[in-house]
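Report on the structure given below.
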Amino acid sequence: KMDNYDQTIEYYKKAVDVNPKYENAQFNLGLAYYRKNLFYNAVTAYKNALEIDPSKYDTNYNLGLAYDKLNKLDDAIIYYKRAVEIKPDYTRALYNLGLVYYDKQNYSAAEEYYKRAIDSDPKYYKAHFNLGLVYKTQKKDNLAEEYYRRTVEIEPQHYKSYYNLGLIYDRKDQINSAIENYNKAVQIEPSYVKAHYNLGGIYHDVALGFLKNPG
């Protein structure tokens, strides 16, 4: 596979050597570099493509992705936003803006972009879940609970939502609900250590008499 990408890069480079204004070749060269984890090279190729045609939303988005991989979050924001300016309902770009702002601990901006991602695609469960994480971080448990529930309505196999619901109920001493959600998490993902650990903690507290024995 890697050899194929090496050949891909070689031929796209030949194409742009012959015609540096060949936008598709620059874009696909960026894509090949990205898939080989050569993110600085990808940035250069995508920038060359944008010099030829700055109106391509997918090129702006992919340049944002490459900067994101390089942890250059401010640059990633610039190009994700350009993608959204060109294509306002571009769900993945809106979602990635939410992710980047969350990483930068700008929770109000993260909330805004996750909500815009949900508006553009109400079934995009990752945006629902991550909006739940924003509310969890802000200790807004009721809102977090709402969005974790929405996540599992759309994607019933999303074990991390069940785990996080378990955490909320655990904190509220709603032990039966906590157990139910931790159990759902481990039924879906049997190797999910955190959920097993928290179930162990609950039953340990029951054994010590700190909690009533759950029915």
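Ordering of the structure tokens sets the chain letters (A, B, ...), residue numbers begin anew at 1 in every chain, and ligands are numbered from 1 in the order given.
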As a PyMOL selection string, which residues of region 3-182 of chain A does DSSP assign to helix (DSSP H, G or I)?
-> chain A and resi 3-18+23-35+39-52+57-69+73-86+91-103+107-120+125-137+141-154+159-171+175-182
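The residue that comes closest to Asn4 (chain A), out of A:Tyr163, A:Gly209, A:Asp58, A:Tyr33 and on the basis of only C-alpha atoms, is A:Tyr33.
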Can you work out which one of A:Lys172, A:Lys139, A:Lys13, A:Lys47 has the shortest atom-to-atom distance to Ala32 (chain A), counting only C-alpha atoms?
-> A:Lys13
Two-atom distance - CA of Ala185 (chain A), CA of His158 (chain A) (Å) = 7.9 Å
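Minimum atom-to-atom distance to Asn37 (chain A), evaluated using only C-alpha atoms, belongs to A:Tyr5 out of A:Tyr113, A:Tyr5, A:Tyr107, A:Tyr12.
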Distance query Ile188 (chain A) at most 12 Å, only C-alpha atoms, self and fewer than 3 positions along chain excluded, as an MDAnalysis selection string = chainID A and resid 152 155:163 181:185 191:192 195
Residues of the last selection are to be written out with N, CA and C atoms, as an mmCIF file, in the first residue's frame.
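Done, and the output landed in selection_38.cif:
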```cif
data_model
loop_
_atom_site.group_PDB
_atom_site.id
_atom_site.type_symbol
_atom_site.label_atom_id
_atom_site.label_comp_id
_atom_site.auth_asym_id
_atom_site.auth_seq_id
_atom_site.Cartn_x
_atom_site.Cartn_y
_atom_site.Cartn_z
ATOM 1 N N VAL A 152 -27.273 7.952 21.443
ATOM 2 C CA VAL A 152 -27.598 6.521 21.373
ATOM 3 C C VAL A 152 -28.921 6.266 20.653
ATOM 4 N N GLU A 155 -27.239 6.302 17.198
ATOM 5 C CA GLU A 155 -26.223 5.242 17.087
ATOM 6 C C GLU A 155 -26.255 4.396 18.361
ATOM 7 N N PRO A 156 -27.115 3.351 18.366
ATOM 8 C CA PRO A 156 -27.316 2.575 19.599
ATOM 9 C C PRO A 156 -26.078 1.817 20.083
ATOM 10 N N GLN A 157 -25.043 1.708 19.254
ATOM 11 C CA GLN A 157 -23.818 0.993 19.652
ATOM 12 C C GLN A 157 -22.752 1.931 20.236
ATOM 13 N N HIS A 158 -23.126 3.165 20.527
ATOM 14 C CA HIS A 158 -22.127 4.139 20.993
ATOM 15 C C HIS A 158 -21.888 3.949 22.494
ATOM 16 N N TYR A 159 -20.968 3.050 22.810
ATOM 17 C CA TYR A 159 -20.769 2.626 24.208
ATOM 18 C C TYR A 159 -20.273 3.753 25.105
ATOM 19 N N LYS A 160 -19.522 4.704 24.539
ATOM 20 C CA LYS A 160 -19.009 5.798 25.387
ATOM 21 C C LYS A 160 -20.149 6.688 25.901
ATOM 22 N N SER A 161 -21.221 6.798 25.129
ATOM 23 C CA SER A 161 -22.382 7.561 25.608
ATOM 24 C C SER A 161 -23.019 6.861 26.800
ATOM 25 N N TYR A 162 -23.148 5.534 26.704
ATOM 26 C CA TYR A 162 -23.712 4.789 27.841
ATOM 27 C C TYR A 162 -22.801 4.933 29.066
ATOM 28 N N TYR A 163 -21.495 4.854 28.847
ATOM 29 C CA TYR A 163 -20.560 5.018 29.965
ATOM 30 C C TYR A 163 -20.727 6.394 30.606
ATOM 31 N N ASN A 181 -26.462 1.559 32.618
ATOM 32 C CA ASN A 181 -25.716 2.180 31.518
ATOM 33 C C ASN A 181 -24.283 1.670 31.428
ATOM 34 N N TYR A 182 -23.631 1.444 32.568
ATOM 35 C CA TYR A 182 -22.306 0.820 32.518
ATOM 36 C C TYR A 182 -22.393 -0.567 31.878
ATOM 37 N N ASN A 183 -23.442 -1.324 32.234
ATOM 38 C CA ASN A 183 -23.618 -2.661 31.659
ATOM 39 C C ASN A 183 -23.835 -2.600 30.149
ATOM 40 N N LYS A 184 -24.594 -1.609 29.692
ATOM 41 C CA LYS A 184 -24.791 -1.453 28.243
ATOM 42 C C LYS A 184 -23.452 -1.173 27.561
ATOM 43 N N ALA A 185 -22.638 -0.350 28.208
ATOM 44 C CA ALA A 185 -21.318 -0.034 27.637
ATOM 45 C C ALA A 185 -20.476 -1.293 27.462
ATOM 46 N N SER A 191 -14.254 -4.996 26.261
ATOM 47 C CA SER A 191 -12.910 -4.660 26.763
ATOM 48 C C SER A 191 -12.837 -3.239 27.338
ATOM 49 N N TYR A 192 -13.999 -2.600 27.549
ATOM 50 C CA TYR A 192 -13.995 -1.214 28.032
ATOM 51 C C TYR A 192 -13.738 -1.208 29.537
ATOM 52 N N ALA A 195 -15.603 1.088 32.371
ATOM 53 C CA ALA A 195 -16.962 0.716 32.776
ATOM 54 C C ALA A 195 -16.924 -0.468 33.741
#
```
Polymer residues at most 8 Å from Ala178 (chain A), only C-alpha atoms, same-chain spacing of 2 or more positions, as a count of residues only = 12
Do you know which residues are at most 8 Å from Lys21 (chain A) counting only C-alpha atoms, after dropping those on the same chain fewer than 3 positions away, and could you put them as a PyMOL selection string?
-> chain A and resi 16+49+52
Non-local contacts of Ala109 (chain A) (12 Å; only C-alpha atoms; under 2 positions in same chain excluded) as a list of chain:residue names | A:Ile77, A:Leu94, A:Tyr95, A:Asn96, A:Leu97, A:Gly98, A:Leu99, A:Val100, A:Tyr101, A:Tyr102, A:Asp103, A:Lys104, A:Gln105, A:Asn106, A:Tyr107, A:Glu111, A:Glu112, A:Tyr113, A:Tyr114, A:Lys115, A:Arg116, A:Leu131, A:Val134
Compile the contact shell of Ala66 (chain A) as a ChimeraX atom specification: residues with an atom at most 12 Å away, counting only C-alpha atoms, same-chain residues fewer than 3 positions apart removed.
-> /A:30-47,59-63,69-73,75-77,79-80
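Across A:Asn48, A:Tyr135, A:Ala83, A:Lys123, the tightest approach to Asn24 (chain A) is made by A:Asn48 when counting only C-alpha atoms.
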Interatomic distance between CA of Ala117 (chain A) and CA of Arg149 (chain A)?
-> 17.4 Å
